$ cat my_file.txt   # compact mmCIF, N, CA and C atoms
# COMPACT_ATOMS: atom_id res chain seq x y z
N GLN A 1 0.83 -1.20 0.00
CA GLN A 1 0.00 0.00 0.00
C GLN A 1 0.86 1.24 0.00
N VAL A 2 0.39 2.23 -0.74
CA VAL A 2 1.06 3.53 -0.83
C VAL A 2 0.04 4.61 -0.51
N GLN A 3 0.43 5.56 0.29
CA GLN A 3 -0.44 6.69 0.60
C GLN A 3 0.20 7.97 0.06
N LEU A 4 -0.64 8.80 -0.53
CA LEU A 4 -0.19 10.08 -1.09
C LEU A 4 -1.02 11.20 -0.47
N VAL A 5 -0.35 12.22 0.02
CA VAL A 5 -1.05 13.36 0.61
C VAL A 5 -0.50 14.64 0.00
N GLU A 6 -1.39 15.39 -0.64
CA GLU A 6 -1.00 16.65 -1.25
C GLU A 6 -1.19 17.80 -0.26
N SER A 7 -0.37 18.83 -0.43
CA SER A 7 -0.51 20.05 0.37
C SER A 7 0.03 21.22 -0.43
N GLY A 8 -0.32 22.43 0.03
CA GLY A 8 0.23 23.62 -0.58
C GLY A 8 -0.72 24.40 -1.47
N GLY A 9 -1.91 23.90 -1.68
CA GLY A 9 -2.85 24.62 -2.51
C GLY A 9 -3.37 25.86 -1.83
N GLY A 10 -4.07 26.68 -2.58
CA GLY A 10 -4.63 27.90 -2.02
C GLY A 10 -5.07 28.86 -3.09
N LEU A 11 -5.32 30.08 -2.66
CA LEU A 11 -5.76 31.15 -3.55
C LEU A 11 -4.59 32.07 -3.85
N VAL A 12 -4.38 32.35 -5.13
CA VAL A 12 -3.28 33.21 -5.53
C VAL A 12 -3.73 34.07 -6.70
N GLN A 13 -3.16 35.25 -6.82
CA GLN A 13 -3.48 36.11 -7.95
C GLN A 13 -2.72 35.67 -9.20
N ALA A 14 -3.27 35.99 -10.34
CA ALA A 14 -2.59 35.68 -11.60
C ALA A 14 -1.19 36.29 -11.59
N GLY A 15 -0.24 35.50 -12.06
CA GLY A 15 1.15 35.92 -12.04
C GLY A 15 1.92 35.47 -10.82
N GLY A 16 1.20 34.98 -9.84
CA GLY A 16 1.82 34.55 -8.60
C GLY A 16 2.35 33.13 -8.67
N SER A 17 2.82 32.64 -7.52
CA SER A 17 3.43 31.32 -7.44
C SER A 17 2.86 30.52 -6.28
N LEU A 18 2.90 29.22 -6.43
CA LEU A 18 2.57 28.28 -5.37
C LEU A 18 3.48 27.07 -5.49
N ARG A 19 3.71 26.43 -4.37
CA ARG A 19 4.49 25.19 -4.37
C ARG A 19 3.65 24.10 -3.73
N LEU A 20 3.36 23.09 -4.50
CA LEU A 20 2.61 21.94 -4.01
C LEU A 20 3.58 20.84 -3.60
N SER A 21 3.22 20.11 -2.58
CA SER A 21 4.02 18.99 -2.14
C SER A 21 3.17 17.73 -2.09
N CYS A 22 3.78 16.62 -2.43
CA CYS A 22 3.14 15.30 -2.34
C CYS A 22 3.99 14.45 -1.40
N THR A 23 3.42 14.11 -0.27
CA THR A 23 4.12 13.27 0.68
C THR A 23 3.72 11.82 0.46
N ILE A 24 4.72 10.98 0.26
CA ILE A 24 4.49 9.58 -0.08
C ILE A 24 4.88 8.70 1.10
N SER A 25 4.03 7.79 1.47
CA SER A 25 4.34 6.88 2.57
C SER A 25 3.86 5.48 2.22
N GLY A 26 4.31 4.52 3.02
CA GLY A 26 3.93 3.14 2.79
C GLY A 26 4.99 2.38 2.03
N SER A 27 4.58 1.52 1.14
CA SER A 27 5.50 0.67 0.38
C SER A 27 6.03 1.42 -0.83
N ILE A 28 7.04 2.26 -0.59
CA ILE A 28 7.53 3.11 -1.67
C ILE A 28 8.58 2.41 -2.52
N PHE A 29 9.09 1.26 -2.06
CA PHE A 29 10.06 0.54 -2.87
C PHE A 29 9.40 0.08 -4.15
N GLY A 30 10.04 0.35 -5.26
CA GLY A 30 9.48 -0.06 -6.54
C GLY A 30 8.77 1.05 -7.29
N ILE A 31 8.59 2.19 -6.64
CA ILE A 31 7.96 3.31 -7.34
C ILE A 31 8.95 3.89 -8.34
N ASN A 32 8.58 3.94 -9.59
CA ASN A 32 9.47 4.45 -10.62
C ASN A 32 9.19 5.88 -11.03
N SER A 33 7.97 6.32 -10.84
CA SER A 33 7.65 7.69 -11.23
C SER A 33 6.50 8.21 -10.39
N VAL A 34 6.44 9.52 -10.29
CA VAL A 34 5.35 10.20 -9.59
C VAL A 34 4.88 11.33 -10.49
N SER A 35 3.59 11.49 -10.57
CA SER A 35 3.02 12.52 -11.45
C SER A 35 2.07 13.43 -10.71
N TRP A 36 1.91 14.60 -11.26
CA TRP A 36 0.85 15.53 -10.85
C TRP A 36 -0.17 15.60 -11.97
N TYR A 37 -1.43 15.48 -11.60
CA TYR A 37 -2.55 15.67 -12.50
C TYR A 37 -3.38 16.83 -11.95
N ARG A 38 -4.26 17.34 -12.79
CA ARG A 38 -5.21 18.35 -12.32
C ARG A 38 -6.55 18.15 -13.01
N GLN A 39 -7.57 18.61 -12.31
CA GLN A 39 -8.91 18.55 -12.87
C GLN A 39 -9.63 19.85 -12.57
N ALA A 40 -9.94 20.57 -13.64
CA ALA A 40 -10.67 21.82 -13.52
C ALA A 40 -12.16 21.52 -13.54
N PRO A 41 -12.97 22.43 -13.00
CA PRO A 41 -14.43 22.21 -12.98
C PRO A 41 -14.96 21.94 -14.37
N GLY A 42 -15.70 20.84 -14.51
CA GLY A 42 -16.32 20.51 -15.79
C GLY A 42 -15.40 19.94 -16.83
N LYS A 43 -14.15 19.67 -16.46
CA LYS A 43 -13.18 19.15 -17.41
C LYS A 43 -12.63 17.81 -16.94
N GLN A 44 -12.01 17.10 -17.88
CA GLN A 44 -11.39 15.83 -17.54
C GLN A 44 -10.07 16.06 -16.82
N ARG A 45 -9.69 15.06 -16.04
CA ARG A 45 -8.41 15.12 -15.37
C ARG A 45 -7.30 15.04 -16.42
N GLU A 46 -6.27 15.87 -16.25
CA GLU A 46 -5.18 15.90 -17.22
C GLU A 46 -3.83 15.81 -16.53
N LEU A 47 -2.89 15.22 -17.25
CA LEU A 47 -1.54 15.11 -16.74
C LEU A 47 -0.84 16.46 -16.80
N VAL A 48 -0.20 16.83 -15.71
CA VAL A 48 0.52 18.10 -15.64
C VAL A 48 2.03 17.86 -15.76
N ALA A 49 2.56 16.95 -14.96
CA ALA A 49 4.01 16.73 -14.97
C ALA A 49 4.32 15.37 -14.37
N THR A 50 5.42 14.78 -14.81
CA THR A 50 5.88 13.49 -14.31
C THR A 50 7.36 13.55 -14.00
N LYS A 51 7.72 12.94 -12.89
CA LYS A 51 9.13 12.81 -12.51
C LYS A 51 9.43 11.32 -12.41
N ALA A 52 10.36 10.86 -13.26
CA ALA A 52 10.74 9.46 -13.24
C ALA A 52 11.93 9.25 -12.32
N SER A 53 12.12 8.00 -11.91
CA SER A 53 13.19 7.71 -10.95
C SER A 53 14.57 7.98 -11.54
N GLY A 54 14.71 7.90 -12.85
CA GLY A 54 15.99 8.18 -13.47
C GLY A 54 16.27 9.65 -13.66
N GLY A 55 15.34 10.49 -13.21
CA GLY A 55 15.53 11.92 -13.31
C GLY A 55 14.79 12.57 -14.46
N LEU A 56 14.25 11.77 -15.36
CA LEU A 56 13.55 12.35 -16.50
C LEU A 56 12.28 13.05 -16.05
N THR A 57 11.95 14.13 -16.72
CA THR A 57 10.72 14.86 -16.42
C THR A 57 9.92 15.06 -17.71
N ASN A 58 8.63 15.22 -17.52
CA ASN A 58 7.74 15.44 -18.66
C ASN A 58 6.67 16.42 -18.22
N TYR A 59 6.34 17.37 -19.10
CA TYR A 59 5.36 18.40 -18.76
C TYR A 59 4.31 18.53 -19.85
N ALA A 60 3.12 18.90 -19.43
CA ALA A 60 2.10 19.28 -20.39
C ALA A 60 2.54 20.57 -21.08
N ASP A 61 2.18 20.71 -22.34
CA ASP A 61 2.58 21.90 -23.08
C ASP A 61 2.09 23.18 -22.39
N SER A 62 0.94 23.10 -21.76
CA SER A 62 0.34 24.29 -21.16
C SER A 62 1.11 24.81 -19.95
N VAL A 63 2.00 23.98 -19.39
CA VAL A 63 2.72 24.42 -18.18
C VAL A 63 4.23 24.49 -18.38
N LYS A 64 4.71 24.09 -19.55
CA LYS A 64 6.15 24.11 -19.81
C LYS A 64 6.71 25.51 -19.63
N GLY A 65 7.83 25.58 -18.93
CA GLY A 65 8.46 26.86 -18.68
C GLY A 65 7.92 27.59 -17.47
N ARG A 66 6.81 27.11 -16.93
CA ARG A 66 6.21 27.76 -15.74
C ARG A 66 6.22 26.86 -14.52
N PHE A 67 6.06 25.57 -14.74
CA PHE A 67 5.99 24.60 -13.63
C PHE A 67 7.26 23.75 -13.62
N THR A 68 7.68 23.37 -12.42
CA THR A 68 8.84 22.49 -12.26
C THR A 68 8.51 21.41 -11.25
N ILE A 69 8.68 20.16 -11.67
CA ILE A 69 8.47 19.04 -10.75
C ILE A 69 9.83 18.57 -10.24
N SER A 70 9.88 18.26 -8.95
CA SER A 70 11.15 17.83 -8.37
C SER A 70 10.91 16.77 -7.31
N ARG A 71 11.91 15.89 -7.17
CA ARG A 71 11.87 14.87 -6.11
C ARG A 71 12.77 15.41 -5.00
N ASP A 72 12.15 15.92 -3.95
CA ASP A 72 12.91 16.56 -2.88
C ASP A 72 13.67 15.53 -2.04
N ASN A 73 13.01 14.41 -1.80
CA ASN A 73 13.63 13.30 -1.09
C ASN A 73 12.84 12.05 -1.43
N ALA A 74 13.13 10.96 -0.76
CA ALA A 74 12.48 9.70 -1.11
C ALA A 74 10.97 9.75 -0.90
N ASN A 75 10.51 10.65 -0.06
CA ASN A 75 9.10 10.67 0.31
C ASN A 75 8.34 11.91 -0.14
N THR A 76 9.00 12.80 -0.86
CA THR A 76 8.34 14.06 -1.22
C THR A 76 8.62 14.43 -2.67
N VAL A 77 7.54 14.72 -3.39
CA VAL A 77 7.65 15.25 -4.75
C VAL A 77 6.91 16.58 -4.77
N SER A 78 7.57 17.61 -5.29
CA SER A 78 6.98 18.94 -5.28
C SER A 78 6.68 19.41 -6.69
N LEU A 79 5.78 20.37 -6.76
CA LEU A 79 5.46 21.02 -8.02
C LEU A 79 5.51 22.52 -7.78
N GLN A 80 6.55 23.14 -8.29
CA GLN A 80 6.68 24.59 -8.20
C GLN A 80 5.94 25.21 -9.37
N MET A 81 4.99 26.07 -9.07
CA MET A 81 4.15 26.67 -10.10
C MET A 81 4.36 28.17 -10.10
N ASN A 82 4.88 28.70 -11.18
CA ASN A 82 5.14 30.12 -11.32
C ASN A 82 4.27 30.70 -12.45
N SER A 83 4.17 32.00 -12.45
CA SER A 83 3.40 32.69 -13.49
C SER A 83 2.03 32.07 -13.66
N LEU A 84 1.35 31.88 -12.57
CA LEU A 84 0.06 31.20 -12.61
C LEU A 84 -0.98 32.01 -13.36
N LYS A 85 -1.86 31.27 -14.01
CA LYS A 85 -2.94 31.87 -14.81
C LYS A 85 -4.28 31.37 -14.28
N PRO A 86 -5.35 32.13 -14.53
CA PRO A 86 -6.67 31.64 -14.11
C PRO A 86 -6.98 30.24 -14.66
N ASP A 87 -6.47 29.91 -15.84
CA ASP A 87 -6.70 28.58 -16.42
C ASP A 87 -6.03 27.47 -15.64
N ASP A 88 -5.13 27.81 -14.74
CA ASP A 88 -4.49 26.80 -13.90
C ASP A 88 -5.36 26.41 -12.70
N THR A 89 -6.47 27.09 -12.54
CA THR A 89 -7.38 26.77 -11.44
C THR A 89 -7.88 25.34 -11.59
N ALA A 90 -7.68 24.54 -10.55
CA ALA A 90 -8.06 23.13 -10.60
C ALA A 90 -7.75 22.47 -9.26
N VAL A 91 -8.24 21.26 -9.11
CA VAL A 91 -7.77 20.41 -8.02
C VAL A 91 -6.58 19.63 -8.55
N TYR A 92 -5.48 19.69 -7.83
CA TYR A 92 -4.25 19.04 -8.24
C TYR A 92 -4.07 17.75 -7.44
N TYR A 93 -3.80 16.67 -8.18
CA TYR A 93 -3.68 15.35 -7.59
C TYR A 93 -2.29 14.78 -7.81
N CYS A 94 -1.81 14.10 -6.83
CA CYS A 94 -0.56 13.34 -6.93
C CYS A 94 -0.91 11.90 -7.29
N TYR A 95 -0.10 11.30 -8.16
CA TYR A 95 -0.37 9.94 -8.63
C TYR A 95 0.92 9.14 -8.73
N THR A 96 0.82 7.86 -8.39
CA THR A 96 1.90 6.94 -8.68
C THR A 96 1.35 5.54 -8.87
N GLY A 97 2.17 4.70 -9.45
CA GLY A 97 1.79 3.30 -9.61
C GLY A 97 2.88 2.43 -9.04
N ASN A 98 2.49 1.32 -8.44
CA ASN A 98 3.46 0.41 -7.84
C ASN A 98 2.95 -1.00 -7.95
N TYR A 99 3.71 -1.85 -8.61
CA TYR A 99 3.34 -3.26 -8.83
C TYR A 99 1.96 -3.39 -9.42
N GLY A 100 1.68 -2.52 -10.39
CA GLY A 100 0.43 -2.62 -11.12
C GLY A 100 -0.77 -2.00 -10.46
N ILE A 101 -0.57 -1.37 -9.32
CA ILE A 101 -1.67 -0.73 -8.61
C ILE A 101 -1.52 0.78 -8.72
N ASN A 102 -2.62 1.46 -9.03
CA ASN A 102 -2.62 2.91 -9.14
C ASN A 102 -2.99 3.53 -7.80
N TYR A 103 -2.28 4.58 -7.44
CA TYR A 103 -2.54 5.29 -6.20
C TYR A 103 -2.73 6.78 -6.48
N TRP A 104 -3.76 7.34 -5.86
CA TRP A 104 -4.07 8.77 -6.00
C TRP A 104 -4.18 9.41 -4.61
N GLY A 105 -3.75 10.64 -4.53
CA GLY A 105 -4.05 11.42 -3.36
C GLY A 105 -5.45 11.99 -3.47
N LYS A 106 -5.87 12.71 -2.42
CA LYS A 106 -7.22 13.27 -2.41
C LYS A 106 -7.29 14.63 -3.10
N GLY A 107 -6.13 15.20 -3.37
CA GLY A 107 -6.09 16.45 -4.10
C GLY A 107 -5.99 17.68 -3.23
N THR A 108 -5.48 18.75 -3.84
CA THR A 108 -5.41 20.05 -3.19
C THR A 108 -5.88 21.10 -4.19
N LEU A 109 -6.69 22.03 -3.74
CA LEU A 109 -7.32 23.00 -4.63
C LEU A 109 -6.41 24.21 -4.84
N VAL A 110 -6.22 24.54 -6.10
CA VAL A 110 -5.50 25.75 -6.48
C VAL A 110 -6.48 26.66 -7.21
N THR A 111 -6.60 27.88 -6.71
CA THR A 111 -7.49 28.86 -7.33
C THR A 111 -6.66 30.08 -7.70
N VAL A 112 -6.69 30.43 -8.98
CA VAL A 112 -5.94 31.59 -9.47
C VAL A 112 -6.94 32.66 -9.89
N SER A 113 -6.88 33.79 -9.22
CA SER A 113 -7.81 34.87 -9.52
C SER A 113 -7.20 35.83 -10.55
N SER A 114 -8.09 36.41 -11.36
CA SER A 114 -7.60 37.33 -12.41
C SER A 114 -7.50 38.75 -11.90

$ encode --input "my_file.txt" --output "structure tokens"
Amino acid sequence: QVQLVESGGGLVQAGGSLRLSCTISGSIFGINSVSWYRQAPGKQRELVATKASGGLTNYADSVKGRFTISRDNANTVSLQMNSLKPDDTAVYYCYTGNYGINYWGKGTLVTVSS
């Protein structure tokens, strides 16, 4: 079992920054990658960024150059979000898979005001 807990969401003005953290606990051995997804009201959940164990990163086109995903330590993956836009408003979820099982956090709300 793996548990994921997101934190760091909140209300920010357009152009501002937020840093989200995903705390990972449980059976973390074997985790190869951790991702951030988001879901805006009325929209499908979408992939925002992925950090692989080998250091590779992948970003959605909409956040490239503004967001940075990092593995702070074995138990924490962060998402630094700069130059935020109202379109970034969403619930942000942490995700990982381990031995064929998908794990999701409960999400943290990010609201960007114009």

$ residues_around --input "my_file.txt" --residues "region 47-52 of chain A" --least-positions-apart "5" --cutoff "7 Å" --atoms "all atoms listed in the file" --output "ChimeraX atom specification"
/A:32-38,57-60,69-71

$ closest_residue --input "my_file.txt" --among "A:Gln39, A:Gln44, A:Ser53, A:Ser62" --to "Thr89 (chain A)" --atoms "only N, CA and C atoms"
A:Gln39

$ residues_around --input "my_file.txt" --residues "Asp87 (chain A)" --least-positions-apart "6" --cutoff "8 Å" --atoms "only N, CA and C atoms" --output "VMD selection string"
chain A and resid 40 112 to 113

$ atom_distance --input "my_file.txt" --atom1 "CA of Gly97 (chain A)" --atom2 "CA of Pro41 (chain A)"
25.1 Å

$ atom_distance --input "my_file.txt" --atom1 "CA of Lys64 (chain A)" --atom2 "atom C of Glu6 (chain A)"
21.8 Å

$ residues_around --input "my_file.txt" --residues "region 98-102 of chain A" --least-positions-apart "5" --cutoff "8 Å" --atoms "all atoms listed in the file" --output "ChimeraX atom specification"
/A:2,27-33

$ write_last_selection --input "my_file.txt" --atoms "N, CA and C atoms" --output "mmCIF file, keeping the file's coordinate frame"
data_model
loop_
_atom_site.group_PDB
_atom_site.id
_atom_site.type_symbol
_atom_site.label_atom_id
_atom_site.label_comp_id
_atom_site.auth_asym_id
_atom_site.auth_seq_id
_atom_site.Cartn_x
_atom_site.Cartn_y
_atom_site.Cartn_z
ATOM 1 N N VAL A 2 0.390 2.230 -0.740
ATOM 2 C CA VAL A 2 1.060 3.530 -0.830
ATOM 3 C C VAL A 2 0.040 4.610 -0.510
ATOM 4 N N SER A 27 4.580 1.520 1.140
ATOM 5 C CA SER A 27 5.500 0.670 0.380
ATOM 6 C C SER A 27 6.030 1.420 -0.830
ATOM 7 N N ILE A 28 7.040 2.260 -0.590
ATOM 8 C CA ILE A 28 7.530 3.110 -1.670
ATOM 9 C C ILE A 28 8.580 2.410 -2.520
ATOM 10 N N PHE A 29 9.090 1.260 -2.060
ATOM 11 C CA PHE A 29 10.060 0.540 -2.870
ATOM 12 C C PHE A 29 9.400 0.080 -4.150
ATOM 13 N N GLY A 30 10.040 0.350 -5.260
ATOM 14 C CA GLY A 30 9.480 -0.060 -6.540
ATOM 15 C C GLY A 30 8.770 1.050 -7.290
ATOM 16 N N ILE A 31 8.590 2.190 -6.640
ATOM 17 C CA ILE A 31 7.960 3.310 -7.340
ATOM 18 C C ILE A 31 8.950 3.890 -8.340
ATOM 19 N N ASN A 32 8.580 3.940 -9.590
ATOM 20 C CA ASN A 32 9.470 4.450 -10.620
ATOM 21 C C ASN A 32 9.190 5.880 -11.030
ATOM 22 N N SER A 33 7.970 6.320 -10.840
ATOM 23 C CA SER A 33 7.650 7.690 -11.230
ATOM 24 C C SER A 33 6.500 8.210 -10.390
#

$ select_by_dssp --input "my_file.txt" --residues "chain A" --states "strand (DSSP E or B)" --output "CSV table (one decimal) with N, CA and C atoms, in the coordinates of the input"
chain,number,residue,atom,x,y,z
A,2,VAL,N,0.4,2.2,-0.7
A,2,VAL,CA,1.1,3.5,-0.8
A,2,VAL,C,0.0,4.6,-0.5
A,3,GLN,N,0.4,5.6,0.3
A,3,GLN,CA,-0.4,6.7,0.6
A,3,GLN,C,0.2,8.0,0.1
A,4,LEU,N,-0.6,8.8,-0.5
A,4,LEU,CA,-0.2,10.1,-1.1
A,4,LEU,C,-1.0,11.2,-0.5
A,5,VAL,N,-0.4,12.2,0.0
A,5,VAL,CA,-1.0,13.4,0.6
A,5,VAL,C,-0.5,14.6,0.0
A,6,GLU,N,-1.4,15.4,-0.6
A,6,GLU,CA,-1.0,16.6,-1.2
A,6,GLU,C,-1.2,17.8,-0.3
A,7,SER,N,-0.4,18.8,-0.4
A,7,SER,CA,-0.5,20.0,0.4
A,7,SER,C,0.0,21.2,-0.4
A,10,GLY,N,-4.1,26.7,-2.6
A,10,GLY,CA,-4.6,27.9,-2.0
A,10,GLY,C,-5.1,28.9,-3.1
A,11,LEU,N,-5.3,30.1,-2.7
A,11,LEU,CA,-5.8,31.2,-3.6
A,11,LEU,C,-4.6,32.1,-3.8
A,12,VAL,N,-4.4,32.4,-5.1
A,12,VAL,CA,-3.3,33.2,-5.5
A,12,VAL,C,-3.7,34.1,-6.7
A,13,GLN,N,-3.2,35.2,-6.8
A,13,GLN,CA,-3.5,36.1,-8.0
A,13,GLN,C,-2.7,35.7,-9.2
A,18,LEU,N,2.9,29.2,-6.4
A,18,LEU,CA,2.6,28.3,-5.4
A,18,LEU,C,3.5,27.1,-5.5
A,19,ARG,N,3.7,26.4,-4.4
A,19,ARG,CA,4.5,25.2,-4.4
A,19,ARG,C,3.6,24.1,-3.7
A,20,LEU,N,3.4,23.1,-4.5
A,20,LEU,CA,2.6,21.9,-4.0
A,20,LEU,C,3.6,20.8,-3.6
A,21,SER,N,3.2,20.1,-2.6
A,21,SER,CA,4.0,19.0,-2.1
A,21,SER,C,3.2,17.7,-2.1
A,22,CYS,N,3.8,16.6,-2.4
A,22,CYS,CA,3.1,15.3,-2.3
A,22,CYS,C,4.0,14.4,-1.4
A,23,THR,N,3.4,14.1,-0.3
A,23,THR,CA,4.1,13.3,0.7
A,23,THR,C,3.7,11.8,0.5
A,24,ILE,N,4.7,11.0,0.3
A,24,ILE,CA,4.5,9.6,-0.1
A,24,ILE,C,4.9,8.7,1.1
A,25,SER,N,4.0,7.8,1.5
A,25,SER,CA,4.3,6.9,2.6
A,25,SER,C,3.9,5.5,2.2
A,26,GLY,N,4.3,4.5,3.0
A,26,GLY,CA,3.9,3.1,2.8
A,26,GLY,C,5.0,2.4,2.0
A,33,SER,N,8.0,6.3,-10.8
A,33,SER,CA,7.6,7.7,-11.2
A,33,SER,C,6.5,8.2,-10.4
A,34,VAL,N,6.4,9.5,-10.3
A,34,VAL,CA,5.4,10.2,-9.6
A,34,VAL,C,4.9,11.3,-10.5
A,35,SER,N,3.6,11.5,-10.6
A,35,SER,CA,3.0,12.5,-11.4
A,35,SER,C,2.1,13.4,-10.7
A,36,TRP,N,1.9,14.6,-11.3
A,36,TRP,CA,0.8,15.5,-10.8
A,36,TRP,C,-0.2,15.6,-12.0
A,37,TYR,N,-1.4,15.5,-11.6
A,37,TYR,CA,-2.6,15.7,-12.5
A,37,TYR,C,-3.4,16.8,-12.0
A,38,ARG,N,-4.3,17.3,-12.8
A,38,ARG,CA,-5.2,18.4,-12.3
A,38,ARG,C,-6.6,18.2,-13.0
A,39,GLN,N,-7.6,18.6,-12.3
A,39,GLN,CA,-8.9,18.6,-12.9
A,39,GLN,C,-9.6,19.8,-12.6
A,46,GLU,N,-6.3,15.9,-16.2
A,46,GLU,CA,-5.2,15.9,-17.2
A,46,GLU,C,-3.8,15.8,-16.5
A,47,LEU,N,-2.9,15.2,-17.2
A,47,LEU,CA,-1.5,15.1,-16.7
A,47,LEU,C,-0.8,16.5,-16.8
A,48,VAL,N,-0.2,16.8,-15.7
A,48,VAL,CA,0.5,18.1,-15.6
A,48,VAL,C,2.0,17.9,-15.8
A,49,ALA,N,2.6,17.0,-15.0
A,49,ALA,CA,4.0,16.7,-15.0
A,49,ALA,C,4.3,15.4,-14.4
A,50,THR,N,5.4,14.8,-14.8
A,50,THR,CA,5.9,13.5,-14.3
A,50,THR,C,7.4,13.6,-14.0
A,51,LYS,N,7.7,12.9,-12.9
A,51,LYS,CA,9.1,12.8,-12.5
A,51,LYS,C,9.4,11.3,-12.4
A,52,ALA,N,10.4,10.9,-13.3
A,52,ALA,CA,10.7,9.5,-13.2
A,52,ALA,C,11.9,9.2,-12.3
A,57,THR,N,12.0,14.1,-16.7
A,57,THR,CA,10.7,14.9,-16.4
A,57,THR,C,9.9,15.1,-17.7
A,58,ASN,N,8.6,15.2,-17.5
A,58,ASN,CA,7.7,15.4,-18.7
A,58,ASN,C,6.7,16.4,-18.2
A,59,TYR,N,6.3,17.4,-19.1
A,59,TYR,CA,5.4,18.4,-18.8
A,59,TYR,C,4.3,18.5,-19.8
A,67,PHE,N,6.1,25.6,-14.7
A,67,PHE,CA,6.0,24.6,-13.6
A,67,PHE,C,7.3,23.8,-13.6
A,68,THR,N,7.7,23.4,-12.4
A,68,THR,CA,8.8,22.5,-12.3
A,68,THR,C,8.5,21.4,-11.2
A,69,ILE,N,8.7,20.2,-11.7
A,69,ILE,CA,8.5,19.0,-10.8
A,69,ILE,C,9.8,18.6,-10.2
A,70,SER,N,9.9,18.3,-9.0
A,70,SER,CA,11.2,17.8,-8.4
A,70,SER,C,10.9,16.8,-7.3
A,71,ARG,N,11.9,15.9,-7.2
A,71,ARG,CA,11.9,14.9,-6.1
A,71,ARG,C,12.8,15.4,-5.0
A,72,ASP,N,12.2,15.9,-4.0
A,72,ASP,CA,12.9,16.6,-2.9
A,72,ASP,C,13.7,15.5,-2.0
A,73,ASN,N,13.0,14.4,-1.8
A,73,ASN,CA,13.6,13.3,-1.1
A,73,ASN,C,12.8,12.0,-1.4
A,76,THR,N,9.0,12.8,-0.9
A,76,THR,CA,8.3,14.1,-1.2
A,76,THR,C,8.6,14.4,-2.7
A,77,VAL,N,7.5,14.7,-3.4
A,77,VAL,CA,7.6,15.2,-4.8
A,77,VAL,C,6.9,16.6,-4.8
A,78,SER,N,7.6,17.6,-5.3
A,78,SER,CA,7.0,18.9,-5.3
A,78,SER,C,6.7,19.4,-6.7
A,79,LEU,N,5.8,20.4,-6.8
A,79,LEU,CA,5.5,21.0,-8.0
A,79,LEU,C,5.5,22.5,-7.8
A,80,GLN,N,6.6,23.1,-8.3
A,80,GLN,CA,6.7,24.6,-8.2
A,80,GLN,C,5.9,25.2,-9.4
A,81,MET,N,5.0,26.1,-9.1
A,81,MET,CA,4.2,26.7,-10.1
A,81,MET,C,4.4,28.2,-10.1
A,90,ALA,N,-7.7,24.5,-10.6
A,90,ALA,CA,-8.1,23.1,-10.6
A,90,ALA,C,-7.8,22.5,-9.3
A,91,VAL,N,-8.2,21.3,-9.1
A,91,VAL,CA,-7.8,20.4,-8.0
A,91,VAL,C,-6.6,19.6,-8.6
A,92,TYR,N,-5.5,19.7,-7.8
A,92,TYR,CA,-4.2,19.0,-8.2
A,92,TYR,C,-4.1,17.8,-7.4
A,93,TYR,N,-3.8,16.7,-8.2
A,93,TYR,CA,-3.7,15.4,-7.6
A,93,TYR,C,-2.3,14.8,-7.8
A,94,CYS,N,-1.8,14.1,-6.8
A,94,CYS,CA,-0.6,13.3,-6.9
A,94,CYS,C,-0.9,11.9,-7.3
A,95,TYR,N,-0.1,11.3,-8.2
A,95,TYR,CA,-0.4,9.9,-8.6
A,95,TYR,C,0.9,9.1,-8.7
A,96,THR,N,0.8,7.9,-8.4
A,96,THR,CA,1.9,6.9,-8.7
A,96,THR,C,1.4,5.5,-8.9
A,97,GLY,N,2.2,4.7,-9.4
A,97,GLY,CA,1.8,3.3,-9.6
A,97,GLY,C,2.9,2.4,-9.0
A,98,ASN,N,2.5,1.3,-8.4
A,98,ASN,CA,3.5,0.4,-7.8
A,98,ASN,C,3.0,-1.0,-8.0
A,101,ILE,N,-0.6,-1.4,-9.3
A,101,ILE,CA,-1.7,-0.7,-8.6
A,101,ILE,C,-1.5,0.8,-8.7
A,102,ASN,N,-2.6,1.5,-9.0
A,102,ASN,CA,-2.6,2.9,-9.1
A,102,ASN,C,-3.0,3.5,-7.8
A,103,TYR,N,-2.3,4.6,-7.4
A,103,TYR,CA,-2.5,5.3,-6.2
A,103,TYR,C,-2.7,6.8,-6.5
A,104,TRP,N,-3.8,7.3,-5.9
A,104,TRP,CA,-4.1,8.8,-6.0
A,104,TRP,C,-4.2,9.4,-4.6
A,108,THR,N,-5.5,18.8,-3.8
A,108,THR,CA,-5.4,20.0,-3.2
A,108,THR,C,-5.9,21.1,-4.2
A,109,LEU,N,-6.7,22.0,-3.7
A,109,LEU,CA,-7.3,23.0,-4.6
A,109,LEU,C,-6.4,24.2,-4.8
A,110,VAL,N,-6.2,24.5,-6.1
A,110,VAL,CA,-5.5,25.8,-6.5
A,110,VAL,C,-6.5,26.7,-7.2
A,111,THR,N,-6.6,27.9,-6.7
A,111,THR,CA,-7.5,28.9,-7.3
A,111,THR,C,-6.7,30.1,-7.7
A,112,VAL,N,-6.7,30.4,-9.0
A,112,VAL,CA,-5.9,31.6,-9.5
A,112,VAL,C,-6.9,32.7,-9.9
A,113,SER,N,-6.9,33.8,-9.2
A,113,SER,CA,-7.8,34.9,-9.5
A,113,SER,C,-7.2,35.8,-10.6

$ atom_distance --input "my_file.txt" --atom1 "atom C of Ser7 (chain A)" --atom2 "atom N of Ser83 (chain A)"
16.7 Å

$ axis_aligned_box --input "my_file.txt" --around "region 76-94 of chain A" --padding-each-side "3 Å" --output "AutoDock Vina command-line options"
--center_x 0.4 --center_y 22.3 --center_z -8.6 --size_x 23.2 --size_y 26.8 --size_z 21.6

$ closest_residue --input "my_file.txt" --among "A:Thr68, A:Thr111, A:Thr96, A:Gln80" --to "Ala14 (chain A)" --atoms "only N, CA and C atoms"
A:Thr111

$ closest_residue --input "my_file.txt" --among "A:Val77, A:Tyr95, A:Gly55, A:Gly65" --to "Thr23 (chain A)" --atoms "only C-alpha atoms"
A:Val77

$ residues_around --input "my_file.txt" --residues "region 8-12 of chain A" --least-positions-apart "6" --cutoff "8 Å" --atoms "only C-alpha atoms" --output "list in words"
Leu18, Arg19, Leu20, Ser21, Thr108, Leu109, Val110, Thr111, Val112 and Ser113 of chain A
